[in-house]
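Enquirer: This is structure.pdb (PDB, C-alpha atoms and all ligand atoms).
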ATOM      1  CA  MET M   1     112.072 154.835 136.305
ATOM      2  CA  ARG M   2     112.364 152.034 138.760
ATOM      3  CA  LEU M   3     114.437 148.980 137.864
ATOM      4  CA  LEU M   4     115.175 145.585 139.343
ATOM      5  CA  VAL M   5     118.588 143.947 139.028
ATOM      6  CA  VAL M   6     118.653 140.186 139.643
ATOM      7  CA  GLU M   7     122.276 139.026 139.588
ATOM      8  CA  ASP M   8     123.973 136.661 142.036
ATOM      9  CA  ASP M   9     127.533 137.820 141.378
ATOM     10  CA  PRO M  10     127.932 140.480 144.096
ATOM     11  CA  ASP M  11     130.546 142.522 142.171
ATOM     12  CA  LEU M  12     128.535 142.542 138.981
ATOM     13  CA  ASN M  13     125.344 143.352 140.880
ATOM     14  CA  ARG M  14     127.104 146.270 142.560
ATOM     15  CA  GLN M  15     128.580 147.572 139.269
ATOM     16  CA  LEU M  16     125.231 147.396 137.508
ATOM     17  CA  THR M  17     123.406 149.051 140.386
ATOM     18  CA  ALA M  18     125.994 151.837 140.584
ATOM     19  CA  ALA M  19     125.888 152.516 136.837
ATOM     20  CA  LEU M  20     122.095 152.513 136.751
ATOM     21  CA  THR M  21     121.836 154.763 139.793
ATOM     22  CA  ASP M  22     124.340 157.159 138.211
ATOM     23  CA  ALA M  23     122.172 157.162 135.099
ATOM     24  CA  GLY M  24     119.237 158.380 137.183
ATOM     25  CA  TYR M  25     117.283 155.165 137.746
ATOM     26  CA  VAL M  26     115.949 153.906 141.036
ATOM     27  CA  VAL M  27     117.278 150.385 141.548
ATOM     28  CA  ASP M  28     116.160 147.460 143.704
ATOM     29  CA  ARG M  29     118.435 144.457 143.768
ATOM     30  CA  ALA M  30     118.137 140.738 144.306
ATOM     31  CA  PHE M  31     120.887 138.128 144.541
ATOM     32  CA  ASP M  32     119.001 134.918 143.855
ATOM     33  CA  GLY M  33     116.108 133.735 141.716
ATOM     34  CA  GLU M  34     113.554 133.403 144.501
ATOM     35  CA  GLU M  35     114.088 136.884 145.889
ATOM     36  CA  GLY M  36     114.134 138.343 142.363
ATOM     37  CA  HIS M  37     111.009 136.464 141.412
ATOM     38  CA  HIS M  38     109.150 137.727 144.468
ATOM     39  CA  LEU M  39     110.130 141.365 143.876
ATOM     40  CA  GLY M  40     109.278 141.241 140.164
ATOM     41  CA  ASP M  41     105.958 139.620 140.976
ATOM     42  CA  THR M  42     104.897 142.175 143.560
ATOM     43  CA  GLU M  43     106.571 145.501 142.721
ATOM     44  CA  PRO M  44     105.833 147.662 139.683
ATOM     45  CA  TYR M  45     109.160 147.837 137.836
ATOM     46  CA  ASP M  46     109.652 149.712 134.590
ATOM     47  CA  ALA M  47     112.252 147.164 133.495
ATOM     48  CA  VAL M  48     114.266 144.250 134.884
ATOM     49  CA  ILE M  49     117.833 143.091 134.308
ATOM     50  CA  LEU M  50     117.758 139.357 134.882
ATOM     51  CA  ASP M  51     120.715 137.006 135.013
ATOM     52  CA  ILE M  52     119.947 133.560 133.583
ATOM     53  CA  GLY M  53     122.251 131.554 135.867
ATOM     54  CA  LEU M  54     120.871 132.155 139.366
ATOM     55  CA  PRO M  55     120.800 130.134 142.604
ATOM     56  CA  LYS M  56     117.498 128.893 144.095
ATOM     57  CA  MET M  57     115.481 129.531 140.912
ATOM     58  CA  ASP M  58     117.045 129.976 137.450
ATOM     59  CA  GLY M  59     116.363 133.086 135.399
ATOM     60  CA  ILE M  60     114.320 131.262 132.732
ATOM     61  CA  SER M  61     111.913 129.883 135.351
ATOM     62  CA  VAL M  62     111.668 133.286 137.021
ATOM     63  CA  LEU M  63     110.775 134.918 133.717
ATOM     64  CA  GLU M  64     108.293 132.203 132.692
ATOM     65  CA  SER M  65     106.509 132.567 135.993
ATOM     66  CA  TRP M  66     106.320 136.369 135.711
ATOM     67  CA  ARG M  67     104.855 136.145 132.229
ATOM     68  CA  ARG M  68     102.365 133.468 133.341
ATOM     69  CA  ASN M  69     101.282 135.832 136.125
ATOM     70  CA  GLY M  70     100.726 138.614 133.619
ATOM     71  CA  ARG M  71     103.819 140.676 134.485
ATOM     72  CA  THR M  72     104.673 142.472 131.249
ATOM     73  CA  MET M  73     107.596 144.728 132.195
ATOM     74  CA  PRO M  74     110.510 144.695 129.729
ATOM     75  CA  VAL M  75     113.201 142.187 130.690
ATOM     76  CA  LEU M  76     116.834 142.397 129.609
ATOM     77  CA  MET M  77     118.538 139.084 130.272
ATOM     78  CA  LEU M  78     122.196 138.538 131.001
ATOM     79  CA  THR M  79     123.604 135.418 129.373
ATOM     80  CA  ALA M  80     126.945 133.669 129.142
ATOM     81  CA  ARG M  81     128.556 134.429 125.779
ATOM     82  CA  ASP M  82     128.872 130.838 124.598
ATOM     83  CA  ARG M  83     125.413 129.670 125.688
ATOM     84  CA  TRP M  84     123.307 130.327 122.610
ATOM     85  CA  SER M  85     120.639 127.961 123.968
ATOM     86  CA  ASP M  86     120.167 130.321 126.959
ATOM     87  CA  LYS M  87     119.266 133.109 124.565
ATOM     88  CA  VAL M  88     116.747 131.000 122.672
ATOM     89  CA  GLN M  89     115.162 129.784 125.903
ATOM     90  CA  GLY M  90     115.186 133.300 127.299
ATOM     91  CA  PHE M  91     113.386 134.806 124.323
ATOM     92  CA  ASP M  92     110.898 131.945 124.341
ATOM     93  CA  ALA M  93     110.276 132.606 128.034
ATOM     94  CA  GLY M  94     109.432 136.240 127.287
ATOM     95  CA  ALA M  95     112.702 138.200 127.382
ATOM     96  CA  ASP M  96     112.797 141.418 125.365
ATOM     97  CA  ASP M  97     116.520 141.639 124.786
ATOM     98  CA  TYR M  98     119.804 140.226 126.043
ATOM     99  CA  VAL M  99     123.379 141.203 126.716
ATOM    100  CA  ALA M 100     126.087 138.539 126.784
ATOM    101  CA  LYS M 101     128.685 138.528 129.550
ATOM    102  CA  PRO M 102     131.188 140.058 129.776
ATOM    103  CA  PHE M 103     129.540 143.262 128.648
ATOM    104  CA  HIS M 104     130.196 146.979 128.596
ATOM    105  CA  LEU M 105     127.939 148.848 131.003
ATOM    106  CA  GLU M 106     127.260 151.386 128.250
ATOM    107  CA  GLU M 107     125.679 148.651 126.158
ATOM    108  CA  VAL M 108     123.413 147.609 129.015
ATOM    109  CA  LEU M 109     122.356 151.231 129.527
ATOM    110  CA  ALA M 110     121.683 151.776 125.816
ATOM    111  CA  ARG M 111     119.629 148.588 125.517
ATOM    112  CA  LEU M 112     117.657 149.496 128.625
ATOM    113  CA  ARG M 113     116.846 152.956 127.294
ATOM    114  CA  ALA M 114     115.616 151.353 124.082
ATOM    115  CA  LEU M 115     113.450 148.872 126.014
ATOM    116  CA  LEU M 116     111.964 151.595 128.192
ATOM    117  CA  ARG M 117     111.145 153.712 125.156
ATOM    118  CA  ARG M 118     109.671 150.831 123.209
ATOM    119  CA  ALA M 119     107.564 149.820 126.215
ATOM    120  CA  VAL M 120     105.741 153.127 125.859
ATOM    121  CA  GLY M 121     105.788 153.165 122.046
ATOM    122  CA  HIS M 122     108.440 155.838 121.613
ATOM    123  CA  ALA M 123     111.162 155.296 119.019
ATOM    124  CA  LYS M 124     113.480 158.212 119.851
ATOM    125  CA  SER M 125     115.477 159.029 122.964
ATOM    126  CA  GLU M 126     114.116 162.593 122.949
ATOM    127  CA  PHE M 127     110.764 163.514 124.433
ATOM    128  CA  GLU M 128     108.897 166.758 123.874
ATOM    129  CA  CYS M 129     105.998 168.600 125.369
ATOM    130  CA  GLY M 130     105.445 172.137 124.087
ATOM    131  CA  PRO M 131     108.741 174.010 124.473
ATOM    132  CA  VAL M 132     110.173 171.415 126.861
ATOM    133  CA  ARG M 133     112.557 168.755 125.581
ATOM    134  CA  LEU M 134     114.001 165.898 127.560
ATOM    135  CA  ASP M 135     116.827 163.767 126.190
ATOM    136  CA  SER M 136     116.850 160.417 127.990
ATOM    137  CA  ARG M 137     120.285 159.621 126.543
ATOM    138  CA  THR M 138     122.077 162.621 127.982
ATOM    139  CA  GLY M 139     119.683 163.483 130.814
ATOM    140  CA  ARG M 140     119.404 167.035 129.436
ATOM    141  CA  VAL M 141     116.265 169.091 129.792
ATOM    142  CA  THR M 142     115.728 172.295 127.825
ATOM    143  CA  VAL M 143     112.972 174.876 127.536
ATOM    144  CA  ASN M 144     112.983 176.680 124.187
ATOM    145  CA  GLY M 145     116.519 175.364 123.754
ATOM    146  CA  ASN M 146     117.766 176.729 127.082
ATOM    147  CA  PRO M 147     119.121 174.116 129.480
ATOM    148  CA  VAL M 148     117.311 173.704 132.812
ATOM    149  CA  LYS M 149     119.060 172.160 135.778
ATOM    150  CA  LEU M 150     116.949 169.620 137.643
ATOM    151  CA  THR M 151     117.903 167.475 140.622
ATOM    152  CA  SER M 152     117.898 163.723 140.046
ATOM    153  CA  HIS M 153     114.501 163.375 141.776
ATOM    154  CA  GLU M 154     113.001 166.150 139.673
ATOM    155  CA  TYR M 155     114.476 164.692 136.494
ATOM    156  CA  ARG M 156     113.088 161.232 137.239
ATOM    157  CA  LEU M 157     109.640 162.607 137.832
ATOM    158  CA  LEU M 158     109.626 164.636 134.635
ATOM    159  CA  ALA M 159     111.114 161.724 132.669
ATOM    160  CA  TYR M 160     108.405 159.405 133.952
ATOM    161  CA  LEU M 161     105.679 161.834 132.939
ATOM    162  CA  MET M 162     107.322 162.319 129.534
ATOM    163  CA  HIS M 163     107.458 158.541 128.988
ATOM    164  CA  HIS M 164     103.753 158.372 129.813
ATOM    165  CA  ASN M 165     102.693 161.516 128.002
ATOM    166  CA  GLY M 166      99.058 161.402 126.965
ATOM    167  CA  ARG M 167      97.603 159.811 130.054
ATOM    168  CA  VAL M 168      96.981 160.721 133.676
ATOM    169  CA  VAL M 169      99.620 159.417 136.070
ATOM    170  CA  SER M 170      98.523 159.046 139.682
ATOM    171  CA  ARG M 171     100.592 160.117 142.668
ATOM    172  CA  THR M 172     100.698 156.531 143.861
ATOM    173  CA  GLU M 173     102.121 155.403 140.529
ATOM    174  CA  LEU M 174     104.776 158.115 140.704
ATOM    175  CA  VAL M 175     105.733 157.150 144.241
ATOM    176  CA  GLU M 176     105.967 153.496 143.213
ATOM    177  CA  HIS M 177     108.153 154.244 140.199
ATOM    178  CA  LEU M 178     110.367 156.976 141.582
ATOM    179  CA  TYR M 179     111.520 155.472 144.839
ATOM    180  CA  ASP M 180     113.060 152.186 145.869
ATOM    181  CA  GLN M 181     111.370 149.817 148.265
ATOM    182  CA  ASP M 182     113.004 151.295 151.376
ATOM    183  CA  PHE M 183     111.866 154.845 150.781
ATOM    184  CA  ASP M 184     109.364 156.432 153.128
ATOM    185  CA  ARG M 185     106.493 156.747 150.671
ATOM    186  CA  ASP M 186     104.766 160.011 151.309
ATOM    187  CA  SER M 187     102.892 161.201 148.243
ATOM    188  CA  ASN M 188     103.051 164.814 149.479
ATOM    189  CA  THR M 189     106.699 164.864 148.419
ATOM    190  CA  ILE M 190     105.493 164.358 144.849
ATOM    191  CA  GLU M 191     103.546 167.611 145.047
ATOM    192  CA  VAL M 192     106.637 169.374 146.313
ATOM    193  CA  PHE M 193     108.716 168.017 143.407
ATOM    194  CA  VAL M 194     106.063 168.944 140.874
ATOM    195  CA  GLY M 195     105.984 172.472 142.279
ATOM    196  CA  ARG M 196     109.751 172.782 141.948
ATOM    197  CA  ILE M 197     109.773 171.423 138.410
ATOM    198  CA  ARG M 198     107.054 173.869 137.344
ATOM    199  CA  LYS M 199     109.060 176.710 138.802
ATOM    200  CA  LYS M 200     112.316 175.655 137.142
ATOM    201  CA  LEU M 201     110.748 175.065 133.734
ATOM    202  CA  GLY M 202     108.919 178.378 133.901
ATOM    203  CA  VAL M 203     106.201 176.959 131.640
ATOM    204  CA  ASP M 204     103.238 175.024 132.880
ATOM    205  CA  ILE M 205     103.210 171.652 131.170
ATOM    206  CA  ILE M 206     102.315 169.547 134.229
ATOM    207  CA  GLN M 207      98.565 169.747 134.701
ATOM    208  CA  THR M 208      97.018 168.646 137.961
ATOM    209  CA  VAL M 209      94.001 166.445 137.321
ATOM    210  CA  ARG M 210      92.058 166.798 140.513
ATOM    211  CA  GLY M 211      91.627 163.571 142.425
ATOM    212  CA  LEU M 212      93.538 161.581 139.804
ATOM    213  CA  GLY M 213      97.080 162.830 139.445
ATOM    214  CA  TYR M 214      99.101 164.611 136.787
ATOM    215  CA  MET M 215      99.141 164.801 133.044
ATOM    216  CA  LEU M 216     101.446 166.564 130.620
ATOM    217  CA  ALA M 217      99.968 169.092 128.244
ATOM    218  CA  PRO M 218     101.555 171.881 126.220
ATOM    219  CA  PRO M 219     100.959 175.299 127.803
ATOM    220  CA  GLY M 220      97.913 177.258 126.637
TER     221      GLY M 220
HETATM  222 CA    CA M 301     124.930 134.115 137.646
END
Please lay out the structure from this file as structure tokens.
Expert:
Amino acid sequence: MRLLVVEDDPDLNRQLTAALTDAGYVVDRAFDGEEGHHLGDTEPYDAVILDIGLPKMDGISVLESWRRNGRTMPVLMLTARDRWSDKVQGFDAGADDYVAKPFHLEEVLARLRALLRRAVGHAKSEFECGPVRLDSRTGRVTVNGNPVKLTSHEYRLLAYLMHHNGRVVSRTELVEHLYDQDFDRDSNTIEVFVGRIRKKLGVDIIQTVRGLGYMLAPPG
């Protein structure tokens, strides 16, 4: 899952990025409203953390413009605790949730997980396909109850497919959602990761749909 953090406070931006990266997300960052607006308008993010008080272009205007342009990714806004009017404006502009500063990083992570799940119509933090279970809260993957150890890249790929279970996901989409903007985007690496995941799971739930991409399906 690829996220965008738009926060002008360098320390806070760094803390958020570090926590999100640790949690297995790919994170792009912006430090002002214009840069954030441009990235959110042009890159396919799974969710955005957007500060309301930003230089160059405020968070409300950024969000309004995204929504006007048809960008529907979930947005978690960061507001000052005493500014209730920010929250009202933010929701009216199209925010999905908010966290007031100062916040606990755990709360941001929990709210993000909920937004990401809801965006794909899934109410629980656990995903299943046949004997494979993936817990997006703990990052645990099991096959028939036995834990499987995946690298962070492998986990992200499987988690993305699990979040989009029921439809074909193209290699391009995977590349766009699994790597940050600086990554050398070679879609052959996706095939390599898929091969490794299949091997580690020992059950074939990732079907190759020729010419289109991948789709999850229970084995057999
Ligand atoms: Ca700020």
Enquirer: In Å to one decimal, how far is atom CA of Gly121 of chain M from atom CA of His163 of chain M?
Expert: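 These two atoms are separated by 8.9 Å.
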Enquirer: List, as an NGL selection string, every residue that the PyMOL selection byres (((chain M and resi 17) around 10) and not hetatm) selects in the file provided.
Expert: :M and (3-5 or 11-16 or 18-23 or 25-29)
Enquirer: List as a ChimeraX atom specification the protein and nucleic acid residues lying within 9 Å of ligand CA 301 (chain M), with only C-alpha atoms and all ligand atoms counted.
Expert: /M:6-9,31-32,51-55,58-59,78-80
Enquirer: Those selected residues, please, written with C-alpha atoms and delivered as a PDB file, keeping the file's coordinate frame.
Expert:
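The result, written out as selection_9.pdb:
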ATOM      1  CA  VAL M   6     118.653 140.186 139.643  1.00  0.00           C
ATOM      2  CA  GLU M   7     122.276 139.026 139.588  1.00  0.00           C
ATOM      3  CA  ASP M   8     123.973 136.661 142.036  1.00  0.00           C
ATOM      4  CA  ASP M   9     127.533 137.820 141.378  1.00  0.00           C
ATOM      5  CA  PHE M  31     120.887 138.128 144.541  1.00  0.00           C
ATOM      6  CA  ASP M  32     119.001 134.918 143.855  1.00  0.00           C
ATOM      7  CA  ASP M  51     120.715 137.006 135.013  1.00  0.00           C
ATOM      8  CA  ILE M  52     119.947 133.560 133.583  1.00  0.00           C
ATOM      9  CA  GLY M  53     122.251 131.554 135.867  1.00  0.00           C
ATOM     10  CA  LEU M  54     120.871 132.155 139.366  1.00  0.00           C
ATOM     11  CA  PRO M  55     120.800 130.134 142.604  1.00  0.00           C
ATOM     12  CA  ASP M  58     117.045 129.976 137.450  1.00  0.00           C
ATOM     13  CA  GLY M  59     116.363 133.086 135.399  1.00  0.00           C
ATOM     14  CA  LEU M  78     122.196 138.538 131.001  1.00  0.00           C
ATOM     15  CA  THR M  79     123.604 135.418 129.373  1.00  0.00           C
ATOM     16  CA  ALA M  80     126.945 133.669 129.142  1.00  0.00           C
TER      17      ALA M  80
END
Enquirer: What's the separation between atom CA of Ala100 of chain M and atom CA of His122 of chain M, in Å to one decimal place?
Expert: 25.2 Å
Enquirer: Just the number, please: distance in Å from atom CA of His177 of chain M to atom CA of Pro131 of chain M, one decimal.
Expert: 25.3 Å
Enquirer: Pull the neighbourhood of (118.2, 176.8, 128.8) for me: all residues within 12 Å in file coordinates, counting only C-alpha atoms, as a list in words.
Expert: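 Here is the list of nearby residues: Pro131, Val132, Arg133, Leu134, Arg140, Val141, Thr142, Val143, Asn144, Gly145, Asn146, Pro147, Val148, Lys149, Leu150, Lys200, Leu201 and Gly202 of chain M.
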Enquirer: Run the PyMOL selection byres (((chain M and resi 166) around 9) and not hetatm) against the file shown and list the residues it catches, as a list in words.
Expert: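 Output from the PyMOL selection byres (((chain M and resi 166) around 9) and not hetatm), applied to this file: Leu161, Met162, His164, Asn165, Arg167, Val168, Met215, Leu216 and Ala217 of chain M.
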Enquirer: With all atoms listed in the file as the counted atoms, please give the residues lying no more than 9 Å from segment 191-194 of chain M, apart from itself and same-chain residues fewer than 6 positions off, as a list in words.
Expert: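 Within the cut-off, the hits are His153, Glu154, Leu157, Leu158, Arg171 and Ile206 of chain M.
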Enquirer: I'd like the residues picked by the PyMOL selection byres (((chain M and resi 48) around 9) and not hetatm) written out as a list in words, using the chain letters and numbers from the file.
Expert: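 Evaluating the PyMOL selection byres (((chain M and resi 48) around 9) and not hetatm) on this file yields Arg2, Leu3, Leu4, Val5, Val6, Gly40, Tyr45, Asp46, Ala47, Ile49, Leu50, Met73, Pro74, Val75, Leu76, Met77 and Leu112 of chain M.
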Enquirer: Store the residues picked out above, limited to C-alpha atoms, as a CSV table (one decimal), in the frame of the given file.
Expert:
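Produced file part-v1.csv, reproduced below:
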chain,number,residue,atom,x,y,z
M,2,ARG,CA,112.4,152.0,138.8
M,3,LEU,CA,114.4,149.0,137.9
M,4,LEU,CA,115.2,145.6,139.3
M,5,VAL,CA,118.6,143.9,139.0
M,6,VAL,CA,118.7,140.2,139.6
M,40,GLY,CA,109.3,141.2,140.2
M,45,TYR,CA,109.2,147.8,137.8
M,46,ASP,CA,109.7,149.7,134.6
M,47,ALA,CA,112.3,147.2,133.5
M,49,ILE,CA,117.8,143.1,134.3
M,50,LEU,CA,117.8,139.4,134.9
M,73,MET,CA,107.6,144.7,132.2
M,74,PRO,CA,110.5,144.7,129.7
M,75,VAL,CA,113.2,142.2,130.7
M,76,LEU,CA,116.8,142.4,129.6
M,77,MET,CA,118.5,139.1,130.3
M,112,LEU,CA,117.7,149.5,128.6
